[in-house]
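Quick look at target-v8.txt (compact mmCIF, C-alpha atoms and all ligand atoms):
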# COMPACT_ATOMS: atom_id res chain seq x y z
CA MET F 3 -18.02 -11.05 20.02
CA PHE F 4 -15.99 -8.10 18.73
CA ASP F 5 -16.64 -5.01 20.83
CA ILE F 6 -16.34 -1.90 18.63
CA GLU F 7 -16.54 0.56 21.51
CA ASN F 8 -13.81 -1.24 23.38
CA PHE F 9 -11.59 -1.14 20.29
CA GLN F 10 -12.22 2.59 19.84
CA GLN F 11 -11.54 3.29 23.49
CA GLN F 12 -8.27 1.35 23.48
CA VAL F 13 -7.01 3.31 20.49
CA ILE F 14 -8.17 6.65 21.92
CA SER F 15 -6.66 6.09 25.39
CA TRP F 16 -3.38 4.91 23.93
CA GLN F 17 -3.21 7.96 21.66
CA GLN F 18 -3.80 10.25 24.59
CA SER F 19 -0.89 8.82 26.58
CA HIS F 20 1.52 7.62 23.87
CA GLY F 21 0.57 9.22 20.55
CA ARG F 22 2.04 12.12 18.62
CA ASN F 23 0.38 15.39 19.55
CA GLN F 24 3.05 17.97 18.75
CA LEU F 25 3.32 17.64 14.97
CA PRO F 26 3.36 21.07 13.29
CA TRP F 27 0.17 20.41 11.34
CA GLN F 28 -1.61 19.62 14.61
CA GLN F 29 -1.02 23.19 15.82
CA SER F 30 -3.43 25.65 14.24
CA THR F 31 -4.72 29.12 14.98
CA GLY F 32 -8.01 27.62 16.10
CA GLU F 33 -9.77 28.71 12.90
CA LEU F 34 -11.39 25.73 11.16
CA ALA F 35 -10.18 26.87 7.74
CA ASP F 36 -6.61 27.13 9.04
CA ALA F 37 -6.80 23.66 10.61
CA ALA F 38 -8.25 22.21 7.40
CA TYR F 39 -5.57 23.88 5.24
CA ARG F 40 -2.80 22.48 7.46
CA VAL F 41 -4.26 18.99 7.27
CA LEU F 42 -4.68 19.22 3.51
CA VAL F 43 -1.05 20.31 2.99
CA SER F 44 0.39 17.80 5.45
CA GLU F 45 -1.65 14.87 4.15
CA LEU F 46 -0.55 15.46 0.58
CA MET F 47 3.06 15.80 1.72
CA LEU F 48 2.82 12.66 3.85
CA GLN F 49 1.67 10.46 0.97
CA GLN F 50 4.70 8.20 0.29
CA THR F 51 6.88 10.30 2.61
CA GLN F 52 7.97 9.90 6.25
CA VAL F 53 6.89 12.37 8.94
CA ALA F 54 10.48 13.41 9.76
CA THR F 55 11.13 14.30 6.10
CA VAL F 56 7.89 16.24 5.77
CA ILE F 57 8.26 18.49 8.85
CA PRO F 58 10.81 21.01 7.44
CA TYR F 59 8.99 21.10 4.08
CA PHE F 60 5.70 21.74 5.85
CA GLN F 61 7.19 24.56 7.90
CA ARG F 62 8.73 26.24 4.84
CA TRP F 63 5.47 25.82 2.96
CA LEU F 64 3.41 27.48 5.69
CA GLU F 65 5.84 30.38 5.81
CA ALA F 66 5.53 30.92 2.05
CA PHE F 67 1.83 30.06 1.73
CA PRO F 68 0.17 30.63 5.11
CA ASP F 69 -3.36 30.09 3.79
CA ILE F 70 -5.44 28.86 0.87
CA ASN F 71 -5.61 32.26 -0.82
CA THR F 72 -1.84 32.81 -0.81
CA LEU F 73 -1.32 29.37 -2.31
CA ALA F 74 -4.11 29.81 -4.85
CA SER F 75 -2.55 33.00 -6.20
CA ALA F 76 1.06 31.72 -6.09
CA ASP F 77 3.11 31.26 -9.21
CA GLU F 78 3.44 27.61 -10.30
CA ASP F 79 7.24 27.88 -10.38
CA GLU F 80 7.29 28.98 -6.76
CA VAL F 81 5.01 26.10 -5.77
CA MET F 82 7.22 23.56 -7.55
CA ARG F 83 10.38 25.08 -6.09
CA LEU F 84 9.12 24.70 -2.53
CA TRP F 85 8.15 21.09 -3.21
CA GLN F 86 11.51 20.33 -4.77
CA GLY F 87 13.09 17.27 -3.16
CA LEU F 88 9.85 15.77 -1.81
CA GLY F 89 9.27 13.88 -5.05
CA TYR F 90 5.94 12.74 -6.56
CA TYR F 91 5.44 16.23 -7.94
CA ALA F 92 1.86 15.54 -9.02
CA ARG F 93 1.03 16.11 -5.36
CA ALA F 94 2.28 19.72 -5.56
CA ARG F 95 0.28 20.38 -8.71
CA ASN F 96 -2.81 18.81 -7.10
CA LEU F 97 -2.39 20.92 -4.00
CA HIS F 98 -2.12 24.06 -6.11
CA LYS F 99 -5.25 23.06 -8.05
CA ALA F 100 -7.08 22.27 -4.81
CA ALA F 101 -6.19 25.72 -3.42
CA LYS F 102 -7.50 27.45 -6.56
CA TYR F 103 -10.75 25.51 -6.26
CA LEU F 104 -11.11 26.16 -2.53
CA ALA F 105 -10.32 29.86 -2.86
CA GLU F 106 -13.50 30.24 -4.95
CA LEU F 107 -15.72 28.73 -2.25
CA PRO F 108 -17.35 30.82 0.52
CA GLU F 109 -15.94 28.44 3.17
CA PHE F 110 -13.88 25.29 3.53
CA PRO F 111 -16.06 22.23 2.71
CA ALA F 112 -16.92 20.34 5.88
CA SER F 113 -18.51 17.07 4.72
CA LEU F 114 -17.00 13.96 3.15
CA ALA F 115 -19.11 14.38 0.02
CA GLU F 116 -18.06 18.02 -0.50
CA LEU F 117 -14.41 17.31 0.22
CA LEU F 118 -14.39 14.57 -2.40
CA GLN F 119 -15.23 17.26 -4.99
CA VAL F 120 -11.94 19.06 -4.30
CA PRO F 121 -9.32 18.29 -7.00
CA GLY F 122 -6.68 15.90 -5.70
CA VAL F 123 -8.66 14.95 -2.59
CA GLY F 124 -9.45 11.24 -2.40
CA ARG F 125 -11.32 9.38 0.30
CA TYR F 126 -8.26 9.10 2.57
CA THR F 127 -7.55 12.86 2.51
CA ALA F 128 -11.26 13.67 2.87
CA GLY F 129 -11.46 11.40 5.94
CA ALA F 130 -8.26 12.88 7.36
CA ILE F 131 -9.59 16.45 7.02
CA MET F 132 -12.89 15.48 8.66
CA SER F 133 -11.09 13.77 11.55
CA PHE F 134 -8.04 15.92 12.12
CA ALA F 135 -9.37 19.36 11.25
CA PHE F 136 -13.02 19.12 12.27
CA ASP F 137 -12.93 16.22 14.79
CA GLN F 138 -15.86 14.69 12.96
CA TYR F 139 -16.53 11.23 11.56
CA GLY F 140 -13.76 10.67 9.02
CA PRO F 141 -12.77 7.10 8.18
CA ILE F 142 -9.20 6.64 6.94
CA VAL F 143 -7.17 3.81 5.45
CA ASP F 144 -3.54 4.46 4.61
CA GLY F 145 -0.47 2.21 4.70
CA ASN F 146 -0.32 2.24 8.50
CA VAL F 147 -4.02 1.56 9.03
CA ARG F 148 -4.01 -1.09 6.31
CA ARG F 149 -1.23 -3.00 8.05
CA LEU F 150 -2.82 -2.70 11.47
CA TYR F 151 -6.28 -3.85 10.32
CA CYS F 152 -4.83 -6.71 8.27
CA ARG F 153 -3.01 -7.97 11.35
CA TYR F 154 -5.62 -7.24 13.98
CA PHE F 155 -8.39 -8.95 12.00
CA ALA F 156 -6.06 -11.45 10.24
CA ILE F 157 -7.31 -10.26 6.86
CA ALA F 158 -5.64 -11.96 3.92
CA GLY F 159 -5.73 -10.65 0.37
CA VAL F 160 -3.70 -9.38 -2.53
CA PRO F 161 -2.21 -6.02 -1.48
CA HIS F 162 -4.06 -3.04 -3.01
CA SER F 163 -6.56 -5.33 -4.76
CA THR F 164 -10.09 -3.95 -5.07
CA ALA F 165 -11.45 -6.77 -2.89
CA LEU F 166 -9.00 -6.11 -0.05
CA GLU F 167 -9.40 -2.32 -0.22
CA LYS F 168 -13.18 -2.73 -0.06
CA GLN F 169 -12.91 -4.90 3.03
CA LEU F 170 -10.53 -2.47 4.76
CA TRP F 171 -12.66 0.57 3.99
CA GLN F 172 -15.72 -1.27 5.33
CA LYS F 173 -13.81 -1.82 8.57
CA ALA F 174 -12.82 1.84 8.64
CA HIS F 175 -16.44 2.95 8.19
CA GLN F 176 -17.65 0.62 10.95
CA LEU F 177 -14.89 1.32 13.45
CA THR F 178 -14.51 5.10 13.22
CA PRO F 179 -16.39 6.78 16.07
CA THR F 180 -18.60 9.81 15.63
CA SER F 181 -17.02 11.53 18.62
CA GLN F 182 -13.28 11.79 19.33
CA SER F 183 -12.67 10.90 15.73
CA ARG F 184 -9.52 13.07 15.70
CA ARG F 185 -7.88 11.15 18.50
CA PHE F 186 -9.04 7.78 17.17
CA SER F 187 -7.71 8.40 13.64
CA GLN F 188 -4.46 9.84 14.95
CA GLY F 189 -4.18 6.83 17.26
CA LEU F 190 -4.45 4.43 14.32
CA LEU F 191 -1.75 6.30 12.41
CA ASP F 192 0.51 6.50 15.45
CA LEU F 193 0.05 2.83 16.33
CA GLY F 194 0.83 1.82 12.76
CA ALA F 195 3.90 4.06 12.59
CA THR F 196 5.40 3.35 16.00
CA VAL F 197 4.05 0.00 17.31
CA CYS F 198 2.49 -2.09 14.55
CA LYS F 199 5.48 -1.35 12.34
CA ALA F 200 6.10 -3.05 9.03
CA ARG F 201 9.18 -4.80 10.42
CA GLN F 202 9.48 -6.06 13.98
CA PRO F 203 6.15 -4.82 15.38
CA LEU F 204 6.24 -4.14 19.12
CA CYS F 205 3.30 -6.38 20.04
CA GLU F 206 4.30 -6.42 23.72
CA GLN F 207 3.62 -2.64 23.82
CA CYS F 208 0.41 -2.76 21.79
CA PRO F 209 -2.89 -1.85 23.46
CA LEU F 210 -4.70 -4.12 21.00
CA ALA F 211 -2.59 -7.23 21.64
CA ALA F 212 -5.20 -9.13 23.69
CA ASP F 213 -7.55 -9.45 20.70
CA CYS F 214 -5.15 -9.24 17.79
CA GLN F 215 -5.94 -12.22 15.58
CA ALA F 216 -2.55 -12.35 13.88
CA LEU F 217 -0.82 -12.39 17.27
CA LEU F 218 -3.21 -14.95 18.75
CA GLN F 219 -2.57 -17.20 15.74
CA ASN F 220 1.18 -16.54 15.99
CA ARG F 221 1.09 -15.34 12.36
CA VAL F 222 2.00 -11.67 12.64
CA SER F 223 4.58 -11.92 9.87
CA ASP F 224 1.93 -13.35 7.48
CA PHE F 225 -0.07 -10.09 7.47
CA PRO F 226 -0.49 -8.06 5.39
CA ASN F 227 0.19 -10.56 2.62
CA ALA F 228 3.39 -9.76 0.76
CA LYS F 229 3.31 -8.18 -2.67
CA ALA F 230 4.54 -10.37 -5.50
CA LYS F 231 7.98 -9.00 -6.34
CA LYS F 232 8.33 -7.58 -9.82
CA ALA F 233 11.63 -6.77 -11.44
CA VAL F 234 11.90 -2.99 -11.81
CA PRO F 235 12.64 -2.15 -15.45
CA SER F 236 15.29 0.37 -16.48
CA LYS F 237 14.83 3.10 -19.07
CA ALA F 238 17.46 5.22 -20.74
CA GLY F 239 16.98 8.99 -21.01
CA SER F 240 18.98 11.43 -23.14
CA PHE F 241 19.35 15.02 -21.95
CA LEU F 242 21.19 17.98 -23.46
CA TRP F 243 23.82 20.13 -21.84
CA ILE F 244 23.88 23.43 -23.69
CA SER F 245 25.77 26.33 -22.17
CA GLN F 246 26.31 29.95 -23.06
CA GLY F 247 28.87 31.72 -20.90
CA ASP F 248 28.11 30.42 -17.43
CA ALA F 249 24.39 29.92 -18.12
CA ILE F 250 22.82 26.58 -19.03
CA LEU F 251 19.67 25.98 -20.98
CA LEU F 252 16.71 24.59 -19.04
CA GLN F 253 13.34 23.59 -20.38
CA LYS F 254 10.06 23.33 -18.50
CA ARG F 255 8.81 19.71 -18.42
CA PRO F 256 5.30 19.04 -19.72
CA SER F 257 2.65 18.62 -17.07
CA PRO F 258 1.26 16.11 -16.21
CA GLY F 259 4.19 13.74 -16.61
CA ILE F 260 7.43 12.76 -14.91
CA TRP F 261 8.88 15.86 -13.22
CA GLY F 262 5.93 17.77 -14.68
CA ALA F 263 6.25 21.60 -14.50
CA LEU F 264 9.83 21.38 -13.17
CA TRP F 265 12.80 22.91 -14.97
CA CYS F 266 15.14 20.35 -16.48
CA LEU F 267 17.81 19.91 -19.12
CA PRO F 268 16.01 19.42 -22.47
CA GLN F 269 15.24 15.73 -22.98
CA VAL F 270 15.42 14.28 -26.49
CA ALA F 271 14.71 10.88 -28.05
CA ASP F 272 17.62 8.47 -27.67
CA ASP F 273 17.99 8.43 -31.48
CA SER F 274 17.62 12.21 -31.92
CA PRO F 275 19.81 13.72 -34.69
CA LEU F 276 20.82 16.30 -32.05
CA LEU F 277 22.96 13.60 -30.45
CA ALA F 278 25.05 13.03 -33.59
CA GLY F 279 28.51 14.30 -32.72
CA ALA F 280 27.47 15.20 -29.15
CA LYS F 281 29.99 14.64 -26.36
CA LEU F 282 29.01 12.70 -23.22
CA HIS F 283 28.93 15.24 -20.41
CA GLY F 284 27.91 12.89 -17.58
CA GLU F 285 25.36 10.42 -16.24
CA PHE F 286 23.02 9.96 -13.30
CA SER F 287 20.33 7.48 -12.40
CA HIS F 288 17.12 7.87 -10.48
CA GLN F 289 14.67 5.32 -9.10
CA PHE F 290 11.01 6.09 -9.80
CA THR F 291 8.28 3.85 -8.41
CA HIS F 292 7.87 1.87 -11.61
CA TYR F 293 11.25 2.12 -13.28
CA LYS F 294 14.82 3.21 -12.95
CA LEU F 295 15.94 6.09 -15.16
CA ASN F 296 19.50 5.92 -16.45
CA ALA F 297 20.13 9.45 -17.68
CA GLN F 298 22.90 10.38 -20.04
CA ILE F 299 23.72 14.04 -20.49
CA TRP F 300 25.06 15.03 -23.89
CA GLN F 301 26.88 18.27 -24.53
CA ILE F 302 26.14 20.21 -27.69
CA SER F 303 26.69 23.84 -28.61
CA ALA F 304 23.92 26.41 -28.70
CA GLU F 305 24.39 26.55 -32.50
CA GLN F 306 23.84 22.78 -32.79
CA TYR F 307 20.55 23.06 -30.91
CA ASP F 308 18.51 23.07 -34.06
CA VAL F 309 15.35 25.08 -33.64
CA ASN F 310 13.43 22.62 -35.83
CA LEU F 311 14.15 19.77 -33.44
CA ARG F 312 13.14 21.56 -30.27
CA GLN F 313 10.05 20.71 -28.29
CA ALA F 314 7.54 23.49 -27.91
CA ALA F 315 8.22 24.20 -24.24
CA PRO F 316 9.30 27.26 -22.26
CA GLU F 317 13.08 27.59 -22.03
CA ILE F 318 15.40 29.74 -19.95
CA TRP F 319 19.12 30.37 -19.67
CA ALA F 320 19.89 29.89 -15.99
CA LYS F 321 23.04 31.04 -14.26
CA PRO F 322 24.36 28.93 -11.35
CA THR F 323 23.26 31.59 -8.86
CA GLU F 324 19.68 31.43 -10.19
CA LEU F 325 19.26 27.66 -9.88
CA ALA F 326 18.22 27.80 -6.22
CA MET F 327 15.17 29.84 -7.24
CA LEU F 328 13.93 27.23 -9.71
CA GLY F 329 12.00 24.02 -9.14
CA LEU F 330 14.38 21.30 -10.35
CA PRO F 331 14.14 17.48 -10.12
CA ALA F 332 16.23 16.38 -7.09
CA PRO F 333 18.70 14.16 -9.04
CA LEU F 334 19.30 16.93 -11.58
CA LYS F 335 19.91 19.39 -8.78
CA ILE F 336 22.62 17.08 -7.41
CA TYR F 337 24.11 16.64 -10.87
CA LEU F 338 24.19 20.40 -11.50
CA ALA F 339 25.70 21.08 -8.09
CA ALA F 340 28.54 18.63 -8.87
CA LYS F 341 29.16 19.92 -12.40
CA LEU F 342 28.87 23.62 -11.68
CA GLN F 343 31.20 23.66 -8.69
CA PRO F 344 33.59 26.60 -8.95
S1 LIG E 401 -0.55 -6.98 18.57
FE1 LIG E 401 1.17 -6.73 17.21
S2 LIG E 401 0.41 -7.29 15.19
FE2 LIG E 401 -1.35 -7.01 16.48
S3 LIG E 401 -2.02 -4.93 16.11
FE3 LIG E 401 -0.64 -4.88 17.87
S4 LIG E 401 1.42 -4.52 17.08
FE4 LIG E 401 0.11 -5.11 15.37

Would you mind writing the structure in this file as structure tokens?
Amino acid sequence: MFDIENFQQQVISWQQSHGRNQLPWQQSTGELADAAYRVLVSELMLQQTQVATVIPYFQRWLEAFPDINTLASADEDEVMRLWQGLGYYARARNLHKAAKYLAELPEFPASLAELLQVPGVGRYTAGAIMSFAFDQYGPIVDGNVRRLYCRYFAIAGVPHSTALEKQLWQKAHQLTPTSQSRRFSQGLLDLGATVCKARQPLCEQCPLAADCQALLQNRVSDFPNAKAKKAVPSKAGSFLWISQGDAILLQKRPSPGIWGALWCLPQVADDSPLLAGAKLHGEFSHQFTHYKLNAQIWQISAEQYDVNLRQAAPEIWAKPTELAMLGLPAPLKIYLAAKLQP
């Protein structure tokens, strides 16, 4: 019969001796609100992003916004600029919204139910804050935990389907201990990231190997079931290059939306009359999760930029020296750096 306590103990002991305990978001001042803020920031940054990539962003973020109140009162442009390059910008907007909400509360929420009321906080982040900040019962299922549970229990199912997610969250609720939750949850994440890896898991080093169903059945590579591969569609995008002296025109992107609240070259419909007679200035492409953007940049003069055809969005003339202060989409930043070289 499956022994829950034994499973918990194996994960906890392994974390103690082999896990990651020096990550910057694991070091706090000792204040609960500080610990919770660090976990909130790091967990949003870590969604879809590797730990090594997140660390310098996290450190810069904490320098600029050391606590909830500083972030809550920060200018949106500054928030987007510091997130620039991490991608999935909705996370930055959500974090900003969460800070504004939290700054109005007398203290940081400390229950799963209350945390789920915070804008942008889903059940994973709520569980992570409970575990990592408060060391209280906080079940979590992310990509690492999903893979580990699917293998350990030989759970089959369509990836990210409601049925599979329900099963995995049930496991998480049953298996998470009420004491040492911090070490247990961190142990699951560390095992998933460093031992039960997506490719070539190190089963010979795994503390759970003796009871791992996928390993016992010699079917480790069958779990988690593979996603059906879909062809990623491509979309064209037309952008305008309008300069005046050494300044170029940038427009703030609508939010929510792709690159929402970031500064970008004005985008127009591919059949816009503004493109009649425009000269091709350059091209770049960028891979989003659901499609690939093939951007074409068209040069027109400031006089050709017909006021009647403009979108109602904030615009600025930015000089090359000012670009570093603005939140720009990463591929545009690269494009501008190449084109504006002295
Ligand atoms: S034994 Fe292998 S497959 Fe099973 S949980 Fe450990 S690393 Fe993953």

Using the file's own x, y and z axes, what box holds all listed atoms of ligand LIG 401 (chain E) with 4 Å on each side, keeping edges along x, y and z, and what are its centre and edge lengths in Å to one decimal, as lines of an AutoDock Vina configuration file?
center_x = -0.3
center_y = -5.9
center_z = 16.9
size_x = 11.4
size_y = 10.8
size_z = 11.4

With the cut-off set at 8 Å and counting all atoms listed in the file, tabulate each residue of chain F with an atom at most that distance from an atom of ligand LIG 401 (chain E), showing the nearest atom pair and its distance in Å to one decimal, ordered by chain and increasing number, as a Markdown table.
| residue | atom | partner | partner_atom | distance |
| --- | --- | --- | --- | --- |
| F:Arg149 | CA | E:LIG401 | FE4 | 7.7 |
| F:Leu150 | CA | E:LIG401 | S3 | 5.2 |
| F:Tyr151 | CA | E:LIG401 | S3 | 7.3 |
| F:Arg153 | CA | E:LIG401 | S2 | 5.2 |
| F:Tyr154 | CA | E:LIG401 | S3 | 4.8 |
| F:Leu193 | CA | E:LIG401 | S4 | 7.5 |
| F:Gly194 | CA | E:LIG401 | FE4 | 7.4 |
| F:Val197 | CA | E:LIG401 | S4 | 5.2 |
| F:Cys198 | CA | E:LIG401 | S4 | 3.7 |
| F:Lys199 | CA | E:LIG401 | S4 | 7.0 |
| F:Pro203 | CA | E:LIG401 | S4 | 5.0 |
| F:Leu204 | CA | E:LIG401 | S4 | 5.2 |
| F:Cys205 | CA | E:LIG401 | FE1 | 3.6 |
| F:Glu206 | CA | E:LIG401 | S1 | 7.1 |
| F:Gln207 | CA | E:LIG401 | S4 | 7.3 |
| F:Cys208 | CA | E:LIG401 | FE3 | 4.6 |
| F:Pro209 | CA | E:LIG401 | FE3 | 6.7 |
| F:Leu210 | CA | E:LIG401 | FE3 | 5.2 |
| F:Ala211 | CA | E:LIG401 | S1 | 3.7 |
| F:Ala212 | CA | E:LIG401 | S1 | 7.2 |
| F:Asp213 | CA | E:LIG401 | S1 | 7.7 |
| F:Cys214 | CA | E:LIG401 | FE2 | 4.6 |
| F:Gln215 | CA | E:LIG401 | FE2 | 7.0 |
| F:Ala216 | CA | E:LIG401 | S2 | 6.0 |
| F:Leu217 | CA | E:LIG401 | FE2 | 5.5 |
| F:Val222 | CA | E:LIG401 | S2 | 5.3 |

### Message
Taking all atoms listed in the file into account, name the residue in F:Asp272, F:Asp77, F:Glu106, F:Asp224 that is nearest to Ala156 in chain F.
### Response
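The shortest atom-to-atom distance to Ala156 in chain F comes from F:Asp224.
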
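Nearest-residue note for Glu324 in chain F: choosing from F:Ala100, F:Val147, F:Ala340, F:Ala249, the minimum distance belongs to F:Ala249, counting all atoms listed in the file.
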
### Query
Looking at all atoms listed in the file, which of F:Leu177, F:Leu342, F:Ile157, F:Ala105 is the one that sits closest to Gln10 in chain F?
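Counting all atoms listed in the file, the residue closest to Gln10 in chain F is F:Leu177.
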
### Message
So, with all atoms listed in the file as the atoms that count, which of F:Leu104, F:Ala35, F:Ala74, F:Ala200 lies closest to Ser223 in chain F?
### Response
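Using all atoms listed in the file, Ser223 in chain F sits closest to F:Ala200.
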
Check which residues of range 131-202 of chain F sit at most 7 Å from range 227-246 of chain F using all atoms listed in the file, and return one row each with the closest pair of atoms and their distance in Å to one decimal, ordered by chain and rising number, as a Markdown table.
| residue | atom | partner | partner_atom | distance |
| --- | --- | --- | --- | --- |
| F:Ala158 | CA | F:Asn227 | CA | 6.1 |
| F:Gly159 | CA | F:Asn227 | CA | 6.3 |
| F:Val160 | CA | F:Asn227 | CA | 6.6 |
| F:Pro161 | CA | F:Lys229 | CA | 6.0 |

Write to file, as an mmCIF file, in the frame of the given file, the residues of the selection just made, with C-alpha atoms.
data_model
loop_
_atom_site.group_PDB
_atom_site.id
_atom_site.type_symbol
_atom_site.label_atom_id
_atom_site.label_comp_id
_atom_site.auth_asym_id
_atom_site.auth_seq_id
_atom_site.Cartn_x
_atom_site.Cartn_y
_atom_site.Cartn_z
ATOM 1 C CA ALA F 158 -5.640 -11.960 3.920
ATOM 2 C CA GLY F 159 -5.730 -10.650 0.370
ATOM 3 C CA VAL F 160 -3.700 -9.380 -2.530
ATOM 4 C CA PRO F 161 -2.210 -6.020 -1.480
#

### Message
Env of Ser75 in chain F: 10 Å cut, atoms = only C-alpha atoms, seq-sep filter 4 positions within chain, self excluded. Answer as an NGL selection string.
### Response
:F and (67 or 70-71 or 98 or 101-102 or 105)

### Query
Near range 297-314 of chain F, counting only C-alpha atoms, which residues have an atom at most 12 Å away, once you skip same-chain residues fewer than 3 positions from it, shown as an MDAnalysis selection string?
chainID F and resid 236:247 249:251 253:256 266:272 274:289 294 317 319 333:334 337:338 341

### Message
At a cut-off of 10 Å around the point (8.7, 24.1, -4.7) (file coordinates), what residues fall inside when counting all atoms listed in the file? I'd like the answer as an MDAnalysis selection string.
### Response
chainID F and resid 59 62:63 78:88 91 94 264 327:330

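As for CA of Leu166 in chain F and CA of Gly145 in chain F, they are spaced 12.8 Å apart.
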
### Task
Measuring atom to atom with all atoms listed in the file, identify which of F:Leu64, F:Leu114, F:Val120, F:Leu170 is nearest to Gln29 in chain F.
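Once distances to Gln29 in chain F are computed over all atoms listed in the file, the minimum belongs to F:Leu64.
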
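We find CA of Ala339 in chain F and CA of Asn96 in chain F to be spaced 28.6 Å apart.
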
### Query
When you draw a straight line from CA of Gln28 in chain F to CA of Gln176 in chain F, how long is it in Å?
25.1 Å
